Each structure stands twice: as structure tokens, then as C-alpha cells.
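Listing of query.csv; format and content: CSV, C-alpha atoms.
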chain,number,residue,atom,x,y,z
A,1,MET,CA,103.4,92.9,132.1
A,2,GLU,CA,101.8,91.2,129.1
A,3,PRO,CA,103.9,88.8,126.9
A,4,PHE,CA,103.0,90.8,123.8
A,5,GLN,CA,104.1,94.0,125.5
A,6,VAL,CA,107.5,92.3,126.3
A,7,ALA,CA,107.8,91.1,122.7
A,8,SER,CA,107.1,94.6,121.4
A,9,PHE,CA,109.8,96.1,123.7
A,10,VAL,CA,112.3,93.5,122.3
A,11,THR,CA,111.4,94.3,118.7
A,12,ALA,CA,111.8,98.0,119.4
A,13,GLY,CA,115.2,97.3,120.9
A,14,ILE,CA,116.2,95.4,117.7
A,15,LEU,CA,114.9,98.3,115.6
A,16,ILE,CA,116.9,100.9,117.6
A,17,VAL,CA,120.1,98.8,117.6
A,18,THR,CA,119.8,98.1,113.9
A,19,GLY,CA,119.3,101.7,113.1
A,20,LEU,CA,122.2,102.8,115.3
A,21,TRP,CA,124.5,100.3,113.6
A,22,ALA,CA,123.5,101.5,110.2
A,23,LEU,CA,123.9,105.2,111.3
A,24,LEU,CA,127.4,104.5,112.6
A,25,MET,CA,128.9,101.8,110.4
A,26,MET,CA,127.4,102.2,106.9
A,27,ASP,CA,129.2,104.1,104.2
A,28,ASN,CA,126.3,105.0,102.0
A,29,ILE,CA,124.5,108.2,103.1
A,30,LEU,CA,121.1,106.9,102.1
A,31,LYS,CA,121.6,103.8,104.3
A,32,LYS,CA,122.4,106.2,107.1
A,33,ILE,CA,119.0,108.0,106.5
A,34,ILE,CA,117.2,104.6,106.5
A,35,GLY,CA,118.9,103.9,109.9
A,36,ALA,CA,117.6,107.2,111.3
A,37,ASN,CA,114.1,106.3,110.1
A,38,LEU,CA,114.4,102.9,111.9
A,39,ILE,CA,115.4,104.5,115.2
A,40,GLY,CA,112.3,106.7,114.9
A,41,ASP,CA,110.1,103.6,114.3
A,42,GLY,CA,111.6,101.9,117.4
A,43,VAL,CA,110.9,104.8,119.6
A,44,ASN,CA,107.3,105.0,118.3
A,45,LEU,CA,106.8,101.3,119.1
A,46,VAL,CA,108.1,101.7,122.7
A,47,LEU,CA,105.7,104.6,123.3
A,48,ILE,CA,102.7,102.7,121.9
A,49,SER,CA,103.5,99.6,123.9
A,50,ILE,CA,103.4,101.6,127.1
A,51,GLY,CA,99.7,102.5,126.4
A,52,TYR,CA,98.6,98.9,125.7
A,53,ARG,CA,96.0,97.4,127.9
A,54,PRO,CA,95.1,93.7,127.1
A,55,GLY,CA,91.5,93.2,126.5
A,56,GLY,CA,90.7,96.9,126.7
A,57,PHE,CA,88.7,98.7,124.1
A,58,ILE,CA,90.0,101.4,121.7
A,59,PRO,CA,89.2,104.9,122.8
A,60,GLU,CA,88.2,106.0,119.3
A,61,VAL,CA,86.3,103.0,118.1
A,62,MET,CA,83.7,101.9,120.6
A,63,HIS,CA,82.2,98.5,119.7
A,64,HIS,CA,79.3,99.2,121.9
A,65,PHE,CA,78.2,102.0,119.6
A,66,HIS,CA,76.0,100.8,116.7
A,67,ALA,CA,73.6,102.5,114.3
A,68,THR,CA,70.4,101.4,116.0
A,69,ALA,CA,71.4,102.1,119.6
A,70,THR,CA,69.4,104.3,121.8
A,71,PRO,CA,71.1,106.5,124.4
A,72,SER,CA,70.0,104.0,127.2
A,73,ASP,CA,72.0,101.2,125.5
A,74,TYR,CA,75.4,102.8,126.2
A,75,SER,CA,74.5,104.8,129.3
A,76,HIS,CA,76.8,102.5,131.3
A,77,LEU,CA,79.8,103.8,129.3
A,78,LEU,CA,79.1,107.4,130.1
A,79,ALA,CA,80.4,106.9,133.6
A,80,PHE,CA,84.0,108.1,133.5
A,81,GLU,CA,85.4,105.4,135.9
A,82,GLU,CA,84.0,102.7,133.7
A,83,PHE,CA,85.7,104.2,130.6
A,84,ALA,CA,89.0,104.9,132.3
A,85,SER,CA,89.3,101.4,133.7
A,86,ASN,CA,88.7,99.7,130.4
A,87,ALA,CA,90.2,101.9,127.6
A,88,SER,CA,93.8,101.8,126.5
A,89,TYR,CA,95.9,104.7,127.6
A,90,SER,CA,95.6,107.3,124.8
A,91,LEU,CA,98.2,110.0,125.7
A,92,PRO,CA,101.1,108.2,124.0
A,93,PHE,CA,98.9,107.8,120.9
A,94,ALA,CA,98.6,111.6,120.5
A,95,LEU,CA,102.4,111.9,121.1
A,96,VAL,CA,103.3,109.3,118.5
A,97,LEU,CA,100.8,110.7,115.9
A,98,THR,CA,102.8,114.0,116.1
A,99,ASN,CA,106.1,112.2,116.1
A,100,ILE,CA,105.3,110.3,112.9
A,101,VAL,CA,104.5,113.5,111.0
A,102,ILE,CA,107.6,115.3,112.3
A,103,GLY,CA,109.7,112.2,111.4
A,104,ALA,CA,108.4,112.3,107.8
A,105,SER,CA,109.3,116.0,107.4
A,106,THR,CA,112.8,115.6,108.9
A,107,LEU,CA,113.2,112.6,106.6
A,108,SER,CA,112.4,114.8,103.6
A,109,VAL,CA,114.9,117.4,104.7
A,110,MET,CA,117.6,114.8,105.2
A,111,LEU,CA,117.0,113.4,101.7
A,112,ALA,CA,117.2,116.9,100.2
A,113,LEU,CA,120.5,117.5,101.9
A,114,ALA,CA,121.8,114.1,100.6
A,115,VAL,CA,120.8,115.2,97.0
A,116,VAL,CA,122.7,118.6,97.6
A,117,LEU,CA,125.8,116.7,98.8
A,118,TYR,CA,125.6,114.4,95.7
A,119,ARG,CA,125.5,117.4,93.4
A,120,LYS,CA,128.7,118.8,95.1
A,121,TYR,CA,130.8,115.7,95.5
A,122,HIS,CA,129.2,113.4,92.8
A,123,THR,CA,129.2,110.4,95.2
A,124,LEU,CA,127.0,109.0,98.0
A,125,SER,CA,129.9,107.5,99.9
A,126,VAL,CA,130.8,109.5,103.1
A,127,GLN,CA,134.4,108.3,103.0
A,128,LYS,CA,134.9,109.8,99.5
A,129,MET,CA,133.1,113.0,100.6
A,130,PHE,CA,135.7,113.4,103.3
A,131,GLU,CA,138.6,112.7,100.8
A,132,GLY,CA,137.1,115.2,98.4
A,133,GLU,CA,137.1,117.8,101.1
A,134,GLU,CA,140.8,117.8,101.6
B,1,MET,CA,99.8,84.2,117.1
B,2,PHE,CA,99.5,86.5,114.0
B,3,ASP,CA,100.6,89.5,116.0
B,4,TYR,CA,103.9,87.8,117.1
B,5,ILE,CA,104.5,86.9,113.4
B,6,LEU,CA,104.1,90.5,112.5
B,7,LEU,CA,106.6,91.6,115.2
B,8,PHE,CA,109.1,89.1,113.9
B,9,ALA,CA,108.5,90.4,110.3
B,10,VAL,CA,109.2,94.0,111.5
B,11,ALA,CA,112.5,93.0,113.1
B,12,LEU,CA,113.6,90.8,110.2
B,13,SER,CA,112.8,93.3,107.5
B,14,ALA,CA,114.6,96.0,109.4
B,15,LEU,CA,117.7,93.9,109.4
B,16,MET,CA,117.3,92.9,105.7
B,17,ALA,CA,116.8,96.6,104.7
B,18,ILE,CA,120.2,97.4,106.2
B,19,ILE,CA,122.0,94.4,104.9
B,20,GLN,CA,120.6,94.6,101.3
B,21,GLU,CA,123.2,96.1,98.8
B,22,ASN,CA,120.8,97.3,96.1
B,23,LEU,CA,119.2,100.5,97.4
B,24,TYR,CA,115.9,100.1,95.4
B,25,LYS,CA,115.3,96.7,97.0
B,26,SER,CA,116.2,98.2,100.4
B,27,ILE,CA,113.5,100.8,100.0
B,28,ILE,CA,110.9,98.2,99.1
B,29,ILE,CA,111.8,96.1,102.2
B,30,LEU,CA,111.7,99.3,104.3
B,31,THR,CA,108.1,99.9,103.0
B,32,PHE,CA,107.2,96.4,104.1
B,33,GLU,CA,108.7,97.0,107.5
B,34,SER,CA,106.7,100.2,107.9
B,35,PHE,CA,103.4,98.6,106.8
B,36,SER,CA,103.9,95.7,109.2
B,37,LEU,CA,104.6,98.2,112.0
B,38,ALA,CA,101.2,99.8,111.2
B,39,ALA,CA,99.5,96.4,111.6
B,40,VAL,CA,101.3,95.9,114.9
B,41,PHE,CA,100.0,99.3,116.0
B,42,HIS,CA,96.5,98.0,115.2
B,43,PHE,CA,97.1,95.0,117.5
B,44,LEU,CA,98.3,97.4,120.2
B,45,LEU,CA,94.8,99.1,120.1
B,46,ALA,CA,96.1,102.3,118.5
B,47,THR,CA,94.1,102.4,115.3
B,48,ASP,CA,94.5,106.2,114.6
B,49,VAL,CA,98.3,105.9,114.8
B,50,ALA,CA,98.1,102.8,112.6
B,51,ALA,CA,96.2,104.7,109.9
B,52,VAL,CA,98.7,107.5,109.8
B,53,GLN,CA,101.7,105.1,109.8
B,54,ALA,CA,100.2,103.1,107.0
B,55,ILE,CA,99.6,106.1,104.8
B,56,LEU,CA,103.0,107.8,105.5
B,57,GLY,CA,105.0,104.7,105.6
B,58,ALA,CA,103.6,103.0,102.6
B,59,ALA,CA,103.1,105.9,100.2
B,60,LEU,CA,105.1,109.0,101.2
B,61,LEU,CA,108.2,107.5,102.5
B,62,PRO,CA,109.1,105.2,99.5
B,63,GLY,CA,108.1,108.1,97.2
B,64,LEU,CA,110.6,110.4,98.8
B,65,PHE,CA,113.3,107.8,98.9
B,66,ILE,CA,112.8,106.8,95.2
B,67,VAL,CA,112.9,110.5,94.1
B,68,ALA,CA,116.1,111.1,96.0
B,69,LEU,CA,117.7,107.9,94.7
B,70,TYR,CA,116.7,108.7,91.1
B,71,LYS,CA,118.2,112.2,91.5
B,72,THR,CA,121.5,110.8,93.0
B,73,THR,CA,122.1,108.0,90.5
B,74,GLN,CA,120.4,109.4,87.4
B,75,GLY,CA,118.4,106.2,87.1
B,76,ARG,CA,121.5,104.0,87.0
B,77,ASP,CA,121.3,100.9,89.1
B,78,GLU,CA,124.2,101.1,91.5
Output the file's structure as C-alpha cells, nothing else.
Amino acid sequence: MEPFQVASFVTAGILIVTGLWALLMMDNILKKIIGANLIGDGVNLVLISIGYRPGGFIPEVMHHFHATATPSDYSHLLAFEEFASNASYSLPFALVLTNIVIGASTLSVMLALAVVLYRKYHTLSVQKMFEGEE
Amino acid sequence: MFDYILLFAVALSALMAIIQENLYKSIIILTFESFSLAAVFHFLLATDVAAVQAILGAALLPGLFIVALYKTTQGRDE
């Protein structure tokens, strides 16, 4: 495994642990939402690191393709085995692309619920919300 | 070397966003974390994911947070 891949896994672990700590220990409800966002970022980083291939080329941006090329210039890339052994693994990319958009929409729902809770209890502190409930 | 510095910046700014007391500053640091994460995605050969993460993380996410924070504190700095 590549050193940069290992460093990415460690960073993702730090992000997930930090987000979990904020989600459990912080009193402010907006800090809890920030923690949930950090957990999502950490999971995305793990998934992207799995698809990393050092020295490989990007499936979407081919450096071999340029404006003046003729089809014979990149005919060696049309063989599927050549492409599959050099490109980075692109299935997690599609997965993460969906996950980012879904994360943004769930974040907006969480923030709207926080605003609704503030209008009812006039505070952002979860402790005071529980006291106001009794 | 620059990619490792970016990874360190992601981890450090995530910690700082949680520790920071002022919520406005916390949102700005979270934006920095999200944009650094987009650069890390670029170094991990995922340019399409990096583009989406840069747009959503640097424009939509702080916008939503600041609107929610303004609606919950009426513009007061708590």
C-alpha cells in the first residue's frame, strides 16, 4: 500500500473520531451538525483512497488526448487491458459523487430542524432543550 | 510533499472547527477544511469528485450554515 494512501486513511480516521466526539460531547446543536458533516467527509476520503493507483492516469482526463491528435496517436489506449491496468479505479468516484450531494441535502434538512427547535425553545443548547421539555 | 501538507491541514482544521467557540469562525474554518479536502481528492486522481466537493463545500455549505446561524441568533454574536 502506498504511503500517501496510508496517510489518507489516518486523516480519515482523525476526521471520523473528531466528528463522533463533537456529535456526542458538544452541547451546541450547530456543533453537532458540523460533527455529522465531518464524519461524512471522512467516509468520502476512505472511499476515494481505495480507488487510488499511484502513477495511474485519471479516467476522465486523458493527458494523451490533445487537439491535434489523429486517431492513430492514441490507438494504443483503445485496448481495454491497457486502460484497465493504468487507470485509477473509478467505481468509488461515482459512489462518492452521489454521497456528497446526498450529504448536502441531509445537511440542509438538519439545519432547518435546528432552526425549528430554536423557534420552539429559544436556545441552541441541547441541555436547556431537555430542561425546557420537563 | 504538498499533498501531505494538505492532509495535515484537513485534520488540523477539522479539530480547530470543533474546538472554536465562535460559531462564525468555526464555519469559516470548516470551509477551509472542505476546500483542502477537494485538493486532496485532486491528488488522489479523482478530479470530478474534487470539482463537486469544491463547489458544494466552499459555496453551498457555508451559505446554509450562515443562514441557519443568522436565523437562530438574530445576527447577535454569541
May I have the residues of chain B within 10 Å of chain A, counting only C-alpha atoms, written as a PyMOL selection string?
-> chain B and resi 1+3-4+7-15+17-21+23+26-27+30+33-34+37-38+40-53+56-57+60-61+64-65+67-73
Distance CA of Ala54 in chain B-CA of Phe35 in chain B, one decimal place?
-> 5.5 Å
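Pairwise distance (CA of Ser36 in chain B, CA of Ile29 in chain A) equals 24.9 Å.
Interatomic distance, CA of Thr106 in chain A against CA of Met129 in chain A: 22.1 Å.
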What would range 8-27 of chain A look like with N, CA and C atoms restored, written as a compact mmCIF listing (two decimals), in the frame of the given file?
# COMPACT_ATOMS: atom_id res chain seq x y z
N SER A 8 106.99 93.35 122.12
CA SER A 8 107.10 94.60 121.40
C SER A 8 108.29 95.42 121.87
N PHE A 9 108.61 95.36 123.18
CA PHE A 9 109.80 96.10 123.70
C PHE A 9 111.06 95.47 123.04
N VAL A 10 111.12 94.12 122.94
CA VAL A 10 112.30 93.50 122.30
C VAL A 10 112.45 93.86 120.88
N THR A 11 111.31 93.88 120.15
CA THR A 11 111.40 94.30 118.70
C THR A 11 111.81 95.73 118.59
N ALA A 12 111.33 96.60 119.49
CA ALA A 12 111.80 98.00 119.40
C ALA A 12 113.25 98.12 119.71
N GLY A 13 113.75 97.29 120.63
CA GLY A 13 115.20 97.30 120.90
C GLY A 13 115.98 96.87 119.68
N ILE A 14 115.49 95.83 118.97
CA ILE A 14 116.20 95.40 117.70
C ILE A 14 116.17 96.49 116.70
N LEU A 15 115.03 97.20 116.56
CA LEU A 15 114.90 98.30 115.60
C LEU A 15 115.93 99.39 115.91
N ILE A 16 116.02 99.77 117.20
CA ILE A 16 116.90 100.90 117.60
C ILE A 16 118.36 100.49 117.39
N VAL A 17 118.72 99.26 117.78
CA VAL A 17 120.10 98.80 117.60
C VAL A 17 120.50 98.71 116.16
N THR A 18 119.57 98.19 115.33
CA THR A 18 119.80 98.10 113.90
C THR A 18 120.04 99.46 113.27
N GLY A 19 119.16 100.40 113.65
CA GLY A 19 119.30 101.70 113.10
C GLY A 19 120.55 102.44 113.52
N LEU A 20 120.93 102.22 114.79
CA LEU A 20 122.20 102.80 115.30
C LEU A 20 123.38 102.27 114.59
N TRP A 21 123.34 100.95 114.34
CA TRP A 21 124.50 100.30 113.60
C TRP A 21 124.59 100.83 112.22
N ALA A 22 123.44 101.00 111.55
CA ALA A 22 123.50 101.50 110.20
C ALA A 22 123.97 102.98 110.18
N LEU A 23 123.55 103.74 111.19
CA LEU A 23 123.90 105.20 111.30
C LEU A 23 125.42 105.32 111.49
N LEU A 24 126.02 104.38 112.24
CA LEU A 24 127.40 104.50 112.60
C LEU A 24 128.34 103.84 111.58
N MET A 25 127.95 102.66 111.08
CA MET A 25 128.90 101.80 110.40
C MET A 25 128.75 101.89 108.84
N MET A 26 127.54 102.21 108.32
CA MET A 26 127.40 102.20 106.90
C MET A 26 128.05 103.34 106.19
N ASP A 27 128.52 103.10 104.96
CA ASP A 27 129.20 104.10 104.20
C ASP A 27 128.30 104.97 103.37
